[in-house]
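Structure file protein-v7.tsv; described as TSV, C-alpha atoms.
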```tsv
chain	number	residue	atom	x	y	z
A	1	MET	CA	0.00	0.00	0.00
A	2	LYS	CA	1.33	3.40	-0.98
A	3	SER	CA	2.08	6.00	1.67
A	4	LYS	CA	0.74	9.42	0.68
A	5	ILE	CA	3.09	12.25	1.61
A	6	GLY	CA	2.36	15.94	1.20
A	7	CYS	CA	5.55	17.95	0.68
A	8	LEU	CA	5.71	21.66	1.50
A	9	HIS	CA	8.49	23.53	-0.29
A	10	ALA	CA	9.63	27.15	-0.48
A	11	HIS	CA	11.05	26.61	-3.98
A	12	TYR	CA	10.25	24.38	-6.95
A	13	SER	CA	13.85	23.15	-7.21
A	14	ASN	CA	13.34	20.98	-4.13
A	15	ILE	CA	10.74	18.79	-5.84
A	16	ASP	CA	13.21	16.83	-7.98
A	17	TYR	CA	15.45	16.07	-4.99
A	18	ILE	CA	12.58	14.54	-3.00
A	19	GLU	CA	11.12	12.69	-5.99
A	20	SER	CA	14.51	11.15	-6.81
A	21	ALA	CA	15.38	10.29	-3.21
A	22	LEU	CA	12.12	8.43	-2.64
A	23	SER	CA	11.76	6.95	-6.12
A	24	SER	CA	12.52	3.40	-4.98
A	25	TYR	CA	9.84	3.45	-2.28
A	26	ASN	CA	6.13	2.81	-2.55
A	27	VAL	CA	5.02	6.40	-1.96
A	28	GLU	CA	2.74	8.93	-3.59
A	29	LEU	CA	4.10	12.47	-3.32
A	30	THR	CA	2.00	15.60	-3.62
A	31	HIS	CA	3.94	18.87	-3.73
A	32	PHE	CA	2.81	22.22	-2.37
A	33	VAL	CA	5.12	25.12	-3.27
A	34	ASP	CA	5.02	28.71	-2.02
A	35	PRO	CA	8.12	30.73	-2.93
A	36	GLY	CA	6.35	33.97	-2.08
A	37	LEU	CA	6.07	33.58	1.67
A	38	MET	CA	9.74	34.02	2.55
A	39	HIS	CA	10.11	36.77	-0.05
A	40	ARG	CA	7.33	38.67	1.65
A	41	VAL	CA	8.81	38.05	5.11
A	42	MET	CA	12.08	39.60	3.95
A	43	THR	CA	10.66	42.53	1.96
A	44	ASP	CA	7.29	43.56	3.44
A	45	GLN	CA	7.76	45.36	6.77
A	46	GLU	CA	4.01	45.28	7.41
A	47	PHE	CA	3.95	41.48	7.12
A	48	THR	CA	4.78	40.43	10.68
A	49	LYS	CA	6.24	37.22	12.07
A	50	SER	CA	2.79	36.45	13.44
A	51	ASP	CA	1.37	36.82	9.93
A	52	ALA	CA	4.01	34.42	8.62
A	53	LYS	CA	3.29	31.87	11.35
A	54	GLU	CA	-0.41	32.05	10.55
A	55	LYS	CA	0.30	31.48	6.86
A	56	VAL	CA	2.41	28.40	7.60
A	57	ARG	CA	-0.23	27.08	9.99
A	58	ASN	CA	-2.90	27.44	7.30
A	59	GLN	CA	-0.69	25.72	4.72
A	60	VAL	CA	0.06	22.76	7.00
A	61	GLU	CA	-3.59	22.37	8.04
A	62	TRP	CA	-4.65	22.50	4.39
A	63	ILE	CA	-2.18	19.75	3.47
A	64	ALA	CA	-3.23	17.65	6.47
A	65	GLN	CA	-6.83	17.79	5.24
A	66	SER	CA	-5.91	16.59	1.74
A	67	GLY	CA	-5.79	12.89	2.62
A	68	VAL	CA	-2.05	12.49	3.23
A	69	ASP	CA	-0.45	10.05	5.66
A	70	ALA	CA	2.38	12.47	6.55
A	71	ILE	CA	3.65	15.96	5.80
A	72	LEU	CA	7.26	16.68	4.84
A	73	ILE	CA	8.51	20.28	5.22
A	74	THR	CA	11.70	20.95	3.25
A	75	CYS	CA	12.22	24.63	4.13
A	76	THR	CA	14.03	25.38	7.39
A	77	ASN	CA	12.44	28.82	7.60
A	78	TYR	CA	8.99	27.26	7.33
A	79	ILE	CA	9.96	24.84	10.09
A	80	ALA	CA	11.14	27.69	12.31
A	81	LEU	CA	7.77	29.44	11.83
A	82	LEU	CA	5.74	26.30	12.51
A	83	GLU	CA	4.14	26.15	15.91
A	84	GLN	CA	2.95	22.83	17.30
A	85	ARG	CA	-0.71	22.38	16.56
A	86	ASN	CA	-3.15	19.51	16.78
A	87	ILE	CA	-2.36	18.09	13.35
A	88	ASN	CA	-3.63	14.55	12.87
A	89	VAL	CA	-0.75	13.36	10.69
A	90	PRO	CA	3.02	13.13	11.37
A	91	ILE	CA	5.03	16.22	10.38
A	92	ILE	CA	8.54	15.44	9.19
A	93	LYS	CA	11.02	18.30	9.40
A	94	ILE	CA	13.89	17.94	6.98
A	95	ASP	CA	16.46	19.47	9.31
A	96	GLU	CA	16.06	17.16	12.30
A	97	PRO	CA	17.72	14.04	10.80
A	98	TYR	CA	20.43	16.37	9.46
A	99	PHE	CA	20.99	17.81	12.95
A	100	GLU	CA	21.20	14.29	14.33
A	101	ALA	CA	23.97	13.46	11.84
A	102	ILE	CA	25.86	16.65	12.72
A	103	CYS	CA	25.63	15.95	16.45
A	104	LYS	CA	27.33	12.58	15.97
A	105	ILE	CA	30.51	14.26	14.72
A	106	GLU	CA	33.22	14.97	17.29
A	107	GLN	CA	35.67	16.94	15.13
A	108	PRO	CA	35.43	20.62	14.07
A	109	GLN	CA	32.85	21.19	11.34
A	110	THR	CA	32.09	23.59	8.52
A	111	ILE	CA	28.42	24.13	7.71
A	112	LEU	CA	27.74	25.67	4.31
A	113	PHE	CA	24.86	27.84	3.10
A	114	THR	CA	24.13	29.73	-0.08
A	115	ASN	CA	21.01	31.52	1.14
A	116	PRO	CA	21.85	34.00	3.93
A	117	ASP	CA	18.18	34.22	4.88
A	118	THR	CA	18.12	30.61	6.09
A	119	VAL	CA	21.17	30.80	8.36
A	120	SER	CA	19.61	32.26	11.48
A	121	GLY	CA	16.62	29.93	11.59
A	122	THR	CA	18.70	26.84	10.86
A	123	MET	CA	21.45	27.58	13.37
A	124	ASN	CA	19.02	28.51	16.12
A	125	ARG	CA	17.25	25.18	15.65
A	126	LEU	CA	20.57	23.31	15.51
A	127	GLU	CA	21.73	24.85	18.77
A	128	GLN	CA	18.42	23.97	20.43
A	129	TYR	CA	18.65	20.41	19.12
A	130	ALA	CA	22.26	20.01	20.28
A	131	LYS	CA	21.35	21.34	23.73
A	132	LEU	CA	18.56	18.77	24.06
A	133	GLN	CA	21.03	16.05	23.05
A	134	GLN	CA	23.59	17.46	25.51
A	135	LYS	CA	26.09	17.88	22.67
A	136	THR	CA	28.72	20.60	22.37
A	137	LEU	CA	29.50	21.38	18.75
A	138	ASP	CA	32.60	23.02	17.28
A	139	PHE	CA	31.48	24.54	14.00
A	140	GLU	CA	31.92	27.46	11.66
A	141	VAL	CA	29.21	28.74	9.34
A	142	VAL	CA	30.24	29.72	5.81
A	143	ILE	CA	27.96	31.42	3.29
A	144	ILE	CA	28.84	31.05	-0.38
A	145	GLU	CA	28.13	34.64	-1.34
A	146	ASP	CA	26.20	35.80	-4.42
A	147	THR	CA	25.17	32.25	-5.32
A	148	PHE	CA	21.59	31.61	-4.26
A	149	GLU	CA	20.22	34.09	-6.79
A	150	LEU	CA	21.41	31.73	-9.55
A	151	ILE	CA	18.94	29.06	-8.53
A	152	MET	CA	16.22	31.66	-8.03
A	153	ARG	CA	16.76	32.61	-11.68
A	154	GLY	CA	16.57	28.98	-12.77
A	155	GLN	CA	20.31	28.71	-13.49
A	156	ASN	CA	20.57	25.35	-11.74
A	157	GLU	CA	23.68	24.05	-13.49
A	158	GLU	CA	25.59	27.27	-12.86
A	159	TYR	CA	24.54	27.12	-9.21
A	160	LYS	CA	25.66	23.51	-8.89
A	161	GLN	CA	29.04	24.34	-10.44
A	162	VAL	CA	29.72	27.26	-8.10
A	163	VAL	CA	28.86	25.17	-5.04
A	164	SER	CA	30.97	22.25	-6.32
A	165	ASN	CA	34.00	24.47	-6.91
A	166	PHE	CA	33.68	25.95	-3.43
A	167	LEU	CA	33.44	22.53	-1.78
A	168	LYS	CA	36.60	21.32	-3.50
A	169	LYS	CA	38.60	24.21	-2.03
A	170	LEU	CA	37.60	23.62	1.59
A	171	ASN	CA	39.93	22.54	4.37
A	172	GLN	CA	39.66	18.76	4.42
A	173	GLN	CA	40.72	18.61	8.07
A	174	ARG	CA	37.20	19.70	9.05
A	175	ALA	CA	33.97	17.76	8.65
A	176	VAL	CA	31.82	19.41	5.96
A	177	SER	CA	28.07	19.58	5.52
A	178	VAL	CA	25.67	21.50	3.30
A	179	ALA	CA	22.61	22.83	5.08
A	180	GLN	CA	20.25	23.38	2.15
A	181	LEU	CA	18.47	20.87	-0.05
A	182	SER	CA	19.44	22.87	-3.14
A	183	MET	CA	23.12	22.11	-2.42
A	184	VAL	CA	22.74	18.32	-2.30
A	185	GLY	CA	23.49	17.68	-5.98
A	186	ALA	CA	26.80	19.53	-5.81
A	187	ALA	CA	27.73	17.83	-2.54
A	188	GLN	CA	27.04	14.37	-3.93
A	189	GLN	CA	29.07	15.13	-7.06
A	190	VAL	CA	32.10	16.32	-5.08
A	191	GLU	CA	31.80	13.35	-2.75
A	192	ARG	CA	31.98	11.00	-5.76
A	193	GLU	CA	34.93	12.84	-7.29
A	194	THR	CA	37.03	13.25	-4.14
A	195	SER	CA	35.85	10.39	-1.88
A	196	GLN	CA	35.56	12.98	0.90
A	197	PRO	CA	32.31	12.53	2.87
A	198	ILE	CA	29.96	15.53	2.86
A	199	ILE	CA	26.89	15.43	5.08
A	200	ASN	CA	23.70	16.58	3.43
A	201	PRO	CA	20.07	16.83	4.59
A	202	LEU	CA	18.71	14.40	2.01
A	203	ASN	CA	20.58	11.20	2.94
A	204	ALA	CA	19.69	11.53	6.60
A	205	LEU	CA	16.09	12.40	5.75
A	206	VAL	CA	15.39	9.31	3.65
A	207	SER	CA	16.63	6.83	6.23
A	208	SER	CA	14.62	8.65	8.91
A	209	MET	CA	11.43	8.64	6.81
A	210	VAL	CA	11.77	4.96	5.97
A	211	LYS	CA	12.00	4.16	9.66
A	212	GLN	CA	9.35	6.59	10.89
A	213	LEU	CA	6.73	5.84	8.23
A	214	ASN	CA	7.61	2.17	7.61
A	215	LEU	CA	8.09	2.86	3.92
A	216	GLU	CA	8.25	-0.20	1.70
A	217	GLU	CA	10.51	-0.54	-1.30
A	218	LYS	CA	8.85	-0.99	-4.67
A	219	GLU	CA	8.75	-4.49	-6.05
A	220	GLN	CA	11.26	-5.10	-8.81
A	221	GLU	CA	9.59	-5.47	-12.20
```

Please express what this file holds, its structure, as structure tokens.
Amino acid sequence: MKSKIGCLHAHYSNIDYIESALSSYNVELTHFVDPGLMHRVMTDQEFTKSDAKEKVRNQVEWIAQSGVDAILITCTNYIALLEQRNINVPIIKIDEPYFEAICKIEQPQTILFTNPDTVSGTMNRLEQYAKLQQKTLDFEVVIIEDTFELIMRGQNEEYKQVVSNFLKKLNQQRAVSVAQLSMVGAAQQVERETSQPIINPLNALVSSMVKQLNLEEKEQE
């Protein structure tokens, strides 16, 4: 029996990552995309944090009422705005399995972003998660400047190349992770080319979802 999962994204580029990652499992994915919310949060001074929280609440409740078995939220900023409500389906937050993977690392780490607007929300949640796990992390945050606008303009290959080039130049004495779903393709490519492990949100997410939702693999044809 297929598991029906509603996916809430802040950008269309995330759809392919989730579709590909779960392609071998017996799931039905429905995607809900709203790139305008975070843009309005950042540009409209009259649109308050309370307004943003209400918008996310309405989106999540709408998805929950659409007959899904679970909701996956792929935007860290959406997750940071989400307040716990009486939702009758599991809500899977893409950053929590990623945080778990980061907290298992003992050595100094570099955490990479391309979108400056996601840094604060992600790092606040990471610090809260680490505190609950009683973990002390040694990390630096690095933003690859002037890059995220490429993907916003649909220049996905150019974006992937810039991120890949940056990853190859990093200090290999530190553990490296990419914090955004949009960076996964570049991270996986560099990992293949250099054999240097790079933590990304997608790998941790899939294993967590399989366990949490008891996802079954598709039968081989």

Top pick for closest residue to Gln212 (chain A), considering A:Thr110, A:Leu72, A:Ser50, A:Ala179 and counting all atoms listed in the file: A:Leu72

Contacts of Thr30 (chain A) within 10 Å, all atoms listed in the file, excl. fewer than 4 positions in-chain, as a VMD selection string: chain A and resid 4 to 8 15 19 63 66 68 71

Residues of region 8-74 of chain A at most 7 Å from region 215-218 of chain A: nearest atom pair and distance in Å, all atoms listed in the file, as a Markdown table:
```
| residue | atom | partner | partner_atom | distance |
| --- | --- | --- | --- | --- |
| A:Ser24 | CA | A:Lys218 | CA | 5.7 |
| A:Tyr25 | CA | A:Glu217 | CA | 4.2 |
| A:Asn26 | CA | A:Lys218 | CA | 5.1 |
```

Gap from CA of Gln65 (chain A) to CA of Asn88 (chain A) - Å, one decimal: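 Separating CA of Gln65 (chain A) from CA of Asn88 (chain A) is a distance of 8.9 Å.
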
Two-atom distance - CA of Ser3 (chain A), CA of Leu22 (chain A) (Å):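 These two atoms are separated by 11.2 Å.
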
Within-12 Å shell of (21.2, 25.4, -7.5) in input frame, all atoms listed in the file, as JSON, numbers by chain: {"A": [11, 12, 13, 14, 16, 17, 113, 114, 115, 144, 146, 147, 148, 149, 150, 151, 152, 153, 154, 155, 156, 157, 158, 159, 160, 161, 162, 163, 164, 180, 181, 182, 183, 184, 185, 186, 187]}

Nearest to Pro35 (chain A) by atom-to-atom distance, counting only C-alpha atoms, from A:Ala10, A:Ile92, A:Val142, A:Leu132: A:Ala10

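Remark: for Met1 (chain A), the closest of the candidate residues A:Leu82, A:Glu28, A:Asp51, A:Val119 is A:Glu28 (distances computed over only C-alpha atoms).
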
Å distance separating CA of Phe139 (chain A) from CA of Asn77 (chain A), one decimal place: 20.5 Å

Can you put N, CA and C atoms back into region 145-178 of chain A and show it as an mmCIF file, in the coordinates of the input?
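Okay, rebuild_4.cif is ready:
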```
data_model
loop_
_atom_site.group_PDB
_atom_site.id
_atom_site.type_symbol
_atom_site.label_atom_id
_atom_site.label_comp_id
_atom_site.auth_asym_id
_atom_site.auth_seq_id
_atom_site.Cartn_x
_atom_site.Cartn_y
_atom_site.Cartn_z
ATOM 1 N N GLU A 145 28.771 33.371 -0.988
ATOM 2 C CA GLU A 145 28.130 34.640 -1.340
ATOM 3 C C GLU A 145 27.712 34.694 -2.812
ATOM 4 N N ASP A 146 26.645 35.473 -3.057
ATOM 5 C CA ASP A 146 26.200 35.800 -4.420
ATOM 6 C C ASP A 146 25.951 34.541 -5.258
ATOM 7 N N THR A 147 25.378 33.527 -4.637
ATOM 8 C CA THR A 147 25.170 32.250 -5.320
ATOM 9 C C THR A 147 23.704 31.858 -5.399
ATOM 10 N N PHE A 148 22.966 32.093 -4.323
ATOM 11 C CA PHE A 148 21.590 31.610 -4.260
ATOM 12 C C PHE A 148 20.716 32.233 -5.351
ATOM 13 N N GLU A 149 21.040 33.460 -5.751
ATOM 14 C CA GLU A 149 20.220 34.090 -6.790
ATOM 15 C C GLU A 149 20.275 33.327 -8.109
ATOM 16 N N LEU A 150 21.343 32.536 -8.326
ATOM 17 C CA LEU A 150 21.410 31.730 -9.550
ATOM 18 C C LEU A 150 20.252 30.745 -9.615
ATOM 19 N N ILE A 151 20.017 30.045 -8.512
ATOM 20 C CA ILE A 151 18.940 29.060 -8.530
ATOM 21 C C ILE A 151 17.574 29.745 -8.553
ATOM 22 N N MET A 152 17.480 30.920 -7.982
ATOM 23 C CA MET A 152 16.220 31.660 -8.030
ATOM 24 C C MET A 152 15.911 32.104 -9.454
ATOM 25 N N ARG A 153 16.963 32.248 -10.272
ATOM 26 C CA ARG A 153 16.760 32.610 -11.680
ATOM 27 C C ARG A 153 16.654 31.381 -12.580
ATOM 28 N N GLY A 154 16.686 30.199 -11.989
ATOM 29 C CA GLY A 154 16.570 28.980 -12.770
ATOM 30 C C GLY A 154 17.879 28.511 -13.381
ATOM 31 N N GLN A 155 19.004 29.100 -12.965
ATOM 32 C CA GLN A 155 20.310 28.710 -13.490
ATOM 33 C C GLN A 155 20.899 27.595 -12.617
ATOM 34 N N ASN A 156 20.239 26.441 -12.664
ATOM 35 C CA ASN A 156 20.570 25.350 -11.740
ATOM 36 C C ASN A 156 21.961 24.777 -11.960
ATOM 37 N N GLU A 157 22.360 24.623 -13.211
ATOM 38 C CA GLU A 157 23.680 24.050 -13.490
ATOM 39 C C GLU A 157 24.792 24.991 -13.065
ATOM 40 N N GLU A 158 24.594 26.285 -13.296
ATOM 41 C CA GLU A 158 25.590 27.270 -12.860
ATOM 42 C C GLU A 158 25.703 27.267 -11.341
ATOM 43 N N TYR A 159 24.569 27.180 -10.681
ATOM 44 C CA TYR A 159 24.540 27.120 -9.210
ATOM 45 C C TYR A 159 25.298 25.900 -8.719
ATOM 46 N N LYS A 160 25.006 24.755 -9.305
ATOM 47 C CA LYS A 160 25.660 23.510 -8.890
ATOM 48 C C LYS A 160 27.170 23.598 -9.073
ATOM 49 N N GLN A 161 27.612 24.228 -10.167
ATOM 50 C CA GLN A 161 29.040 24.340 -10.440
ATOM 51 C C GLN A 161 29.747 25.232 -9.433
ATOM 52 N N VAL A 162 29.123 26.349 -9.081
ATOM 53 C CA VAL A 162 29.720 27.260 -8.100
ATOM 54 C C VAL A 162 29.869 26.564 -6.747
ATOM 55 N N VAL A 163 28.817 25.866 -6.330
ATOM 56 C CA VAL A 163 28.860 25.170 -5.040
ATOM 57 C C VAL A 163 29.912 24.059 -5.077
ATOM 58 N N SER A 164 29.977 23.323 -6.175
ATOM 59 C CA SER A 164 30.970 22.250 -6.320
ATOM 60 C C SER A 164 32.385 22.789 -6.218
ATOM 61 N N ASN A 165 32.658 23.876 -6.931
ATOM 62 C CA ASN A 165 34.000 24.470 -6.910
ATOM 63 C C ASN A 165 34.378 24.921 -5.501
ATOM 64 N N PHE A 166 33.424 25.484 -4.794
ATOM 65 C CA PHE A 166 33.680 25.950 -3.430
ATOM 66 C C PHE A 166 33.993 24.772 -2.505
ATOM 67 N N LEU A 167 33.233 23.712 -2.630
ATOM 68 C CA LEU A 167 33.440 22.530 -1.780
ATOM 69 C C LEU A 167 34.826 21.930 -1.980
ATOM 70 N N LYS A 168 35.299 21.927 -3.205
ATOM 71 C CA LYS A 168 36.600 21.320 -3.500
ATOM 72 C C LYS A 168 37.759 22.108 -2.886
ATOM 73 N N LYS A 169 37.528 23.372 -2.575
ATOM 74 C CA LYS A 169 38.600 24.210 -2.030
ATOM 75 C C LYS A 169 38.640 24.228 -0.499
ATOM 76 N N LEU A 170 37.689 23.549 0.131
ATOM 77 C CA LEU A 170 37.600 23.620 1.590
ATOM 78 C C LEU A 170 38.704 22.841 2.287
ATOM 79 N N ASN A 171 38.981 23.233 3.520
ATOM 80 C CA ASN A 171 39.930 22.540 4.370
ATOM 81 C C ASN A 171 39.411 21.142 4.692
ATOM 82 N N GLN A 172 40.127 20.125 4.245
ATOM 83 C CA GLN A 172 39.660 18.760 4.420
ATOM 84 C C GLN A 172 39.924 18.213 5.819
ATOM 85 N N GLN A 173 40.503 19.031 6.687
ATOM 86 C CA GLN A 173 40.720 18.610 8.070
ATOM 87 C C GLN A 173 39.438 18.781 8.910
ATOM 88 N N ARG A 174 38.466 19.483 8.360
ATOM 89 C CA ARG A 174 37.200 19.700 9.050
ATOM 90 C C ARG A 174 36.107 18.864 8.404
ATOM 91 N N ALA A 175 35.153 18.407 9.213
ATOM 92 C CA ALA A 175 33.970 17.760 8.650
ATOM 93 C C ALA A 175 33.147 18.822 7.922
ATOM 94 N N VAL A 176 32.552 18.444 6.792
ATOM 95 C CA VAL A 176 31.820 19.410 5.960
ATOM 96 C C VAL A 176 30.386 18.938 5.775
ATOM 97 N N SER A 177 29.464 19.886 5.853
ATOM 98 C CA SER A 177 28.070 19.580 5.520
ATOM 99 C C SER A 177 27.458 20.752 4.784
ATOM 100 N N VAL A 178 26.450 20.459 3.978
ATOM 101 C CA VAL A 178 25.670 21.500 3.300
ATOM 102 C C VAL A 178 24.294 21.522 3.949
#
```
